[in-house]
Amino acid sequence: MPHGIGLTLDEETCTKVRLLWRAFEKAGVGKTPGQLGLPPHVTFSLFADGDPAVLAALVDALEVADPSLKLIPFGAFLGETHTLYLHAVLSPDLVQAHAAHVALARARGLSCDRLYTPGSIVFHSTLAVEVEEGNFLTGVEICRSHPETLEGQAETVELFEFFPPKRVYGKQILTRLV
C-alpha cells in the first residue's frame, strides 16, 4: 500500500490555501487535495510500499527546530493531466530535516520515491491535480488572481495511506504558546 509523509500547515495558512481550493472547485478545475480527503500540506516523502509501523517511526524520528515556511505562487507539473501548486520555501532546518529523513528511510531499507529525495524534490503544496488541458489556463488565472505569499509553519508531520487517503499516524511539531 502506498504511503506519504507530509507536513500539515498551521491553521491560518490552511485557511488561505482552502480559499484557493474553493476557487478551483467553483471553476471545476481539476481536483483539490480537499476533495481527495487531504489537508493542506507539503509532501515530505512518498513510498510505494512499506510497513506502516516503520514509516510511523520515521515520523517520530523527525526533529524540527524551525518549522517556518513560505508558500509562493505558483508552479505546475505538466503531463497527460497537469498539477498546479504553490512553491514551498522551507526553513533551512526543514530542508536539513528532510535530508535526514530520507537518509534514515534508506538506512531502514525503504525506497523513497526518487522525486522526493534531496536534489530532486520540488517542495510544494498542491492546489489541484488532474487539471485537463482545456482547464489549465483557467487554473493559471486563479493562481495569478491570488498572488499572495503565504508565510506560516508546518504544524504536524503526518503519515497517510493512499487511495483513498487515510491518516495513519502523526505528531505535532509546532508548539503553540498560550
# chains A, B, ... in the order shown; residues from 1 in each chain; ligands from 1
>>> residues_around(residues="stretch 132-134 of chain A", least_positions_apart="3", cutoff="9 Å", atoms="only C-alpha atoms", output="MDAnalysis selection string")
chainID A and resid 29:30 80:82 129 137:138
>>> residues_around(residues="A:Val95", least_positions_apart="2", cutoff="12 Å", atoms="only C-alpha atoms", output="list in words")
Phe44, Leu62, Glu63, Val64, Ala65, Asp66, Pro67, Ser68, Leu69, Ala88, Val89, Leu90, Ser91, Pro92, Asp93, Ala97, His98, Ala99, Ala100, His101, Val102, Tyr116, Thr117, Pro118, Gly119, Ile121, Val122 and Phe123 of chain A
>>> closest_atom_pairs(of="stretch 87-133 of chain A", to="stretch 139-152 of chain A", cutoff="9 Å", atoms="only C-alpha atoms", output="tab-separated table")
residue	atom	partner	partner_atom	distance
A:Leu127	CA	A:Cys143	CA	8.9
A:Ala128	CA	A:Gly139	CA	8.3
A:Val131	CA	A:Gly139	CA	7.9
>>> select_by_dssp(residues="stretch 114-147 of chain A", states="strand (DSSP E)", output="ChimeraX atom specification")
/A:124-131
>>> write_last_selection(atoms="C-alpha atoms", output="compact mmCIF listing (two decimals), in the first residue's frame")
# COMPACT_ATOMS: atom_id res chain seq x y z
CA HIS A 124 5.15 22.22 -2.96
CA SER A 125 1.62 22.47 -1.64
CA THR A 126 -0.79 21.12 -4.23
CA LEU A 127 -3.68 23.29 -5.37
CA ALA A 128 -5.22 20.98 -7.97
CA VAL A 129 -4.39 17.68 -9.67
CA GLU A 130 -5.80 16.11 -12.82
CA VAL A 131 -6.16 19.51 -14.46
>>> select_by_dssp(residues="chain A", states="helix (DSSP H, G or I)", output="PyMOL selection string")
chain A and resi 11-27+52-61+92-107+114-116+133-144
>>> closest_residue(among="A:Phe136, A:Lys31, A:Asp60, A:Ala23", to="A:Gly75", atoms="only C-alpha atoms")
A:Phe136
>>> residues_around(residues="A:Gly6", least_positions_apart="5", cutoff="9 Å", atoms="only C-alpha atoms", output="PyMOL selection string")
chain A and resi 41-46+156-160
>>> residues_around(residues="A:Val17", least_positions_apart="2", cutoff="10 Å", atoms="only C-alpha atoms", output="list in words")
Leu9, Glu11, Glu12, Thr13, Cys14, Thr15, Leu19, Leu20, Trp21, Arg22, Pro39, Pro40, His41, Leu71, Leu86, Ser125, Thr126, Leu127 and Leu150 of chain A
>>> residues_around(residues="A:Gly50", least_positions_apart="5", cutoff="8 Å", atoms="only C-alpha atoms", output="NGL selection string")
:A and (1-3 or 55 or 110)
>>> atom_distance(atom1="atom CA of A:Asp10", atom2="atom CA of A:Val59")
17.6 Å
>>> decode(residues="stretch 103-139 of chain A", atoms="N, CA and C atoms", output="PDB file, in the first residue's frame")
ATOM      1  N   ALA A 103      17.611   9.964   4.461  1.00  0.00           N
ATOM      2  CA  ALA A 103      18.757   9.105   4.815  1.00  0.00           C
ATOM      3  C   ALA A 103      18.335   8.015   5.792  1.00  0.00           C
ATOM      4  N   LEU A 104      17.500   8.346   6.765  1.00  0.00           N
ATOM      5  CA  LEU A 104      17.022   7.352   7.729  1.00  0.00           C
ATOM      6  C   LEU A 104      16.140   6.317   7.025  1.00  0.00           C
ATOM      7  N   ALA A 105      15.294   6.769   6.108  1.00  0.00           N
ATOM      8  CA  ALA A 105      14.451   5.828   5.350  1.00  0.00           C
ATOM      9  C   ALA A 105      15.332   4.842   4.591  1.00  0.00           C
ATOM     10  N   ARG A 106      16.358   5.347   3.922  1.00  0.00           N
ATOM     11  CA  ARG A 106      17.273   4.463   3.180  1.00  0.00           C
ATOM     12  C   ARG A 106      17.985   3.491   4.115  1.00  0.00           C
ATOM     13  N   ALA A 107      18.424   3.990   5.284  1.00  0.00           N
ATOM     14  CA  ALA A 107      19.117   3.141   6.253  1.00  0.00           C
ATOM     15  C   ALA A 107      18.210   2.015   6.757  1.00  0.00           C
ATOM     16  N   ARG A 108      16.912   2.247   6.733  1.00  0.00           N
ATOM     17  CA  ARG A 108      15.952   1.232   7.170  1.00  0.00           C
ATOM     18  C   ARG A 108      15.454   0.375   6.006  1.00  0.00           C
ATOM     19  N   GLY A 109      16.088   0.520   4.851  1.00  0.00           N
ATOM     20  CA  GLY A 109      15.765  -0.315   3.699  1.00  0.00           C
ATOM     21  C   GLY A 109      14.525   0.118   2.939  1.00  0.00           C
ATOM     22  N   LEU A 110      14.081   1.344   3.166  1.00  0.00           N
ATOM     23  CA  LEU A 110      12.905   1.845   2.467  1.00  0.00           C
ATOM     24  C   LEU A 110      13.334   2.608   1.220  1.00  0.00           C
ATOM     25  N   SER A 111      12.551   2.463   0.180  1.00  0.00           N
ATOM     26  CA  SER A 111      12.839   3.156  -1.064  1.00  0.00           C
ATOM     27  C   SER A 111      11.843   4.304  -1.232  1.00  0.00           C
ATOM     28  N   CYS A 112      12.324   5.500  -0.982  1.00  0.00           N
ATOM     29  CA  CYS A 112      11.518   6.710  -1.152  1.00  0.00           C
ATOM     30  C   CYS A 112      11.439   7.027  -2.645  1.00  0.00           C
ATOM     31  N   ASP A 113      10.280   7.455  -3.095  1.00  0.00           N
ATOM     32  CA  ASP A 113      10.127   7.890  -4.482  1.00  0.00           C
ATOM     33  C   ASP A 113      11.239   8.894  -4.796  1.00  0.00           C
ATOM     34  N   ARG A 114      11.960   8.655  -5.875  1.00  0.00           N
ATOM     35  CA  ARG A 114      13.126   9.478  -6.209  1.00  0.00           C
ATOM     36  C   ARG A 114      12.796  10.951  -6.393  1.00  0.00           C
ATOM     37  N   LEU A 115      11.540  11.269  -6.737  1.00  0.00           N
ATOM     38  CA  LEU A 115      11.156  12.667  -6.915  1.00  0.00           C
ATOM     39  C   LEU A 115      11.021  13.405  -5.584  1.00  0.00           C
ATOM     40  N   TYR A 116      11.145  12.667  -4.480  1.00  0.00           N
ATOM     41  CA  TYR A 116      11.048  13.278  -3.148  1.00  0.00           C
ATOM     42  C   TYR A 116      12.349  13.109  -2.364  1.00  0.00           C
ATOM     43  N   THR A 117      13.459  13.049  -3.089  1.00  0.00           N
ATOM     44  CA  THR A 117      14.764  12.917  -2.452  1.00  0.00           C
ATOM     45  C   THR A 117      15.543  14.228  -2.601  1.00  0.00           C
ATOM     46  N   PRO A 118      16.487  14.481  -1.682  1.00  0.00           N
ATOM     47  CA  PRO A 118      17.283  15.705  -1.787  1.00  0.00           C
ATOM     48  C   PRO A 118      17.917  15.836  -3.173  1.00  0.00           C
ATOM     49  N   GLY A 119      17.855  17.024  -3.709  1.00  0.00           N
ATOM     50  CA  GLY A 119      18.388  17.278  -5.042  1.00  0.00           C
ATOM     51  C   GLY A 119      17.370  17.093  -6.145  1.00  0.00           C
ATOM     52  N   SER A 120      16.280  16.377  -5.855  1.00  0.00           N
ATOM     53  CA  SER A 120      15.237  16.161  -6.861  1.00  0.00           C
ATOM     54  C   SER A 120      13.908  16.792  -6.473  1.00  0.00           C
ATOM     55  N   ILE A 121      13.666  16.915  -5.180  1.00  0.00           N
ATOM     56  CA  ILE A 121      12.349  17.326  -4.711  1.00  0.00           C
ATOM     57  C   ILE A 121      12.054  18.788  -5.057  1.00  0.00           C
ATOM     58  N   VAL A 122      10.820  19.012  -5.469  1.00  0.00           N
ATOM     59  CA  VAL A 122      10.273  20.354  -5.598  1.00  0.00           C
ATOM     60  C   VAL A 122       9.253  20.457  -4.464  1.00  0.00           C
ATOM     61  N   PHE A 123       9.660  21.091  -3.370  1.00  0.00           N
ATOM     62  CA  PHE A 123       8.735  21.235  -2.251  1.00  0.00           C
ATOM     63  C   PHE A 123       7.547  22.061  -2.717  1.00  0.00           C
ATOM     64  N   HIS A 124       6.350  21.540  -2.458  1.00  0.00           N
ATOM     65  CA  HIS A 124       5.154  22.222  -2.955  1.00  0.00           C
ATOM     66  C   HIS A 124       3.935  21.862  -2.116  1.00  0.00           C
ATOM     67  N   SER A 125       2.935  22.718  -2.226  1.00  0.00           N
ATOM     68  CA  SER A 125       1.622  22.474  -1.639  1.00  0.00           C
ATOM     69  C   SER A 125       0.635  22.459  -2.804  1.00  0.00           C
ATOM     70  N   THR A 126       0.055  21.313  -3.049  1.00  0.00           N
ATOM     71  CA  THR A 126      -0.792  21.123  -4.226  1.00  0.00           C
ATOM     72  C   THR A 126      -2.073  21.937  -4.133  1.00  0.00           C
ATOM     73  N   LEU A 127      -2.412  22.572  -5.248  1.00  0.00           N
ATOM     74  CA  LEU A 127      -3.684  23.287  -5.371  1.00  0.00           C
ATOM     75  C   LEU A 127      -4.713  22.442  -6.101  1.00  0.00           C
ATOM     76  N   ALA A 128      -4.299  21.820  -7.207  1.00  0.00           N
ATOM     77  CA  ALA A 128      -5.219  20.976  -7.974  1.00  0.00           C
ATOM     78  C   ALA A 128      -4.431  19.963  -8.789  1.00  0.00           C
ATOM     79  N   VAL A 129      -4.945  18.740  -8.843  1.00  0.00           N
ATOM     80  CA  VAL A 129      -4.387  17.677  -9.667  1.00  0.00           C
ATOM     81  C   VAL A 129      -5.394  17.331 -10.757  1.00  0.00           C
ATOM     82  N   GLU A 130      -4.932  16.557 -11.721  1.00  0.00           N
ATOM     83  CA  GLU A 130      -5.795  16.107 -12.819  1.00  0.00           C
ATOM     84  C   GLU A 130      -6.452  17.287 -13.539  1.00  0.00           C
ATOM     85  N   VAL A 131      -5.673  18.341 -13.738  1.00  0.00           N
ATOM     86  CA  VAL A 131      -6.159  19.515 -14.455  1.00  0.00           C
ATOM     87  C   VAL A 131      -6.048  19.212 -15.951  1.00  0.00           C
ATOM     88  N   GLU A 132      -7.175  19.142 -16.595  1.00  0.00           N
ATOM     89  CA  GLU A 132      -7.215  18.866 -18.033  1.00  0.00           C
ATOM     90  C   GLU A 132      -6.695  20.063 -18.824  1.00  0.00           C
ATOM     91  N   GLU A 133      -6.168  19.787 -20.000  1.00  0.00           N
ATOM     92  CA  GLU A 133      -5.599  20.828 -20.862  1.00  0.00           C
ATOM     93  C   GLU A 133      -6.563  22.002 -21.054  1.00  0.00           C
ATOM     94  N   GLY A 134      -7.842  21.712 -21.270  1.00  0.00           N
ATOM     95  CA  GLY A 134      -8.833  22.768 -21.513  1.00  0.00           C
ATOM     96  C   GLY A 134      -9.083  23.656 -20.311  1.00  0.00           C
ATOM     97  N   ASN A 135      -8.745  23.205 -19.103  1.00  0.00           N
ATOM     98  CA  ASN A 135      -8.938  23.995 -17.883  1.00  0.00           C
ATOM     99  C   ASN A 135      -7.645  24.570 -17.321  1.00  0.00           C
ATOM    100  N   PHE A 136      -6.530  24.248 -17.949  1.00  0.00           N
ATOM    101  CA  PHE A 136      -5.242  24.647 -17.402  1.00  0.00           C
ATOM    102  C   PHE A 136      -5.113  26.166 -17.296  1.00  0.00           C
ATOM    103  N   LEU A 137      -5.451  26.896 -18.346  1.00  0.00           N
ATOM    104  CA  LEU A 137      -5.301  28.352 -18.307  1.00  0.00           C
ATOM    105  C   LEU A 137      -6.241  28.979 -17.282  1.00  0.00           C
ATOM    106  N   THR A 138      -7.412  28.398 -17.076  1.00  0.00           N
ATOM    107  CA  THR A 138      -8.302  28.881 -16.017  1.00  0.00           C
ATOM    108  C   THR A 138      -7.633  28.695 -14.664  1.00  0.00           C
ATOM    109  N   GLY A 139      -6.999  27.546 -14.461  1.00  0.00           N
ATOM    110  CA  GLY A 139      -6.273  27.296 -13.222  1.00  0.00           C
ATOM    111  C   GLY A 139      -5.126  28.276 -13.023  1.00  0.00           C
TER     112      GLY A 139
END
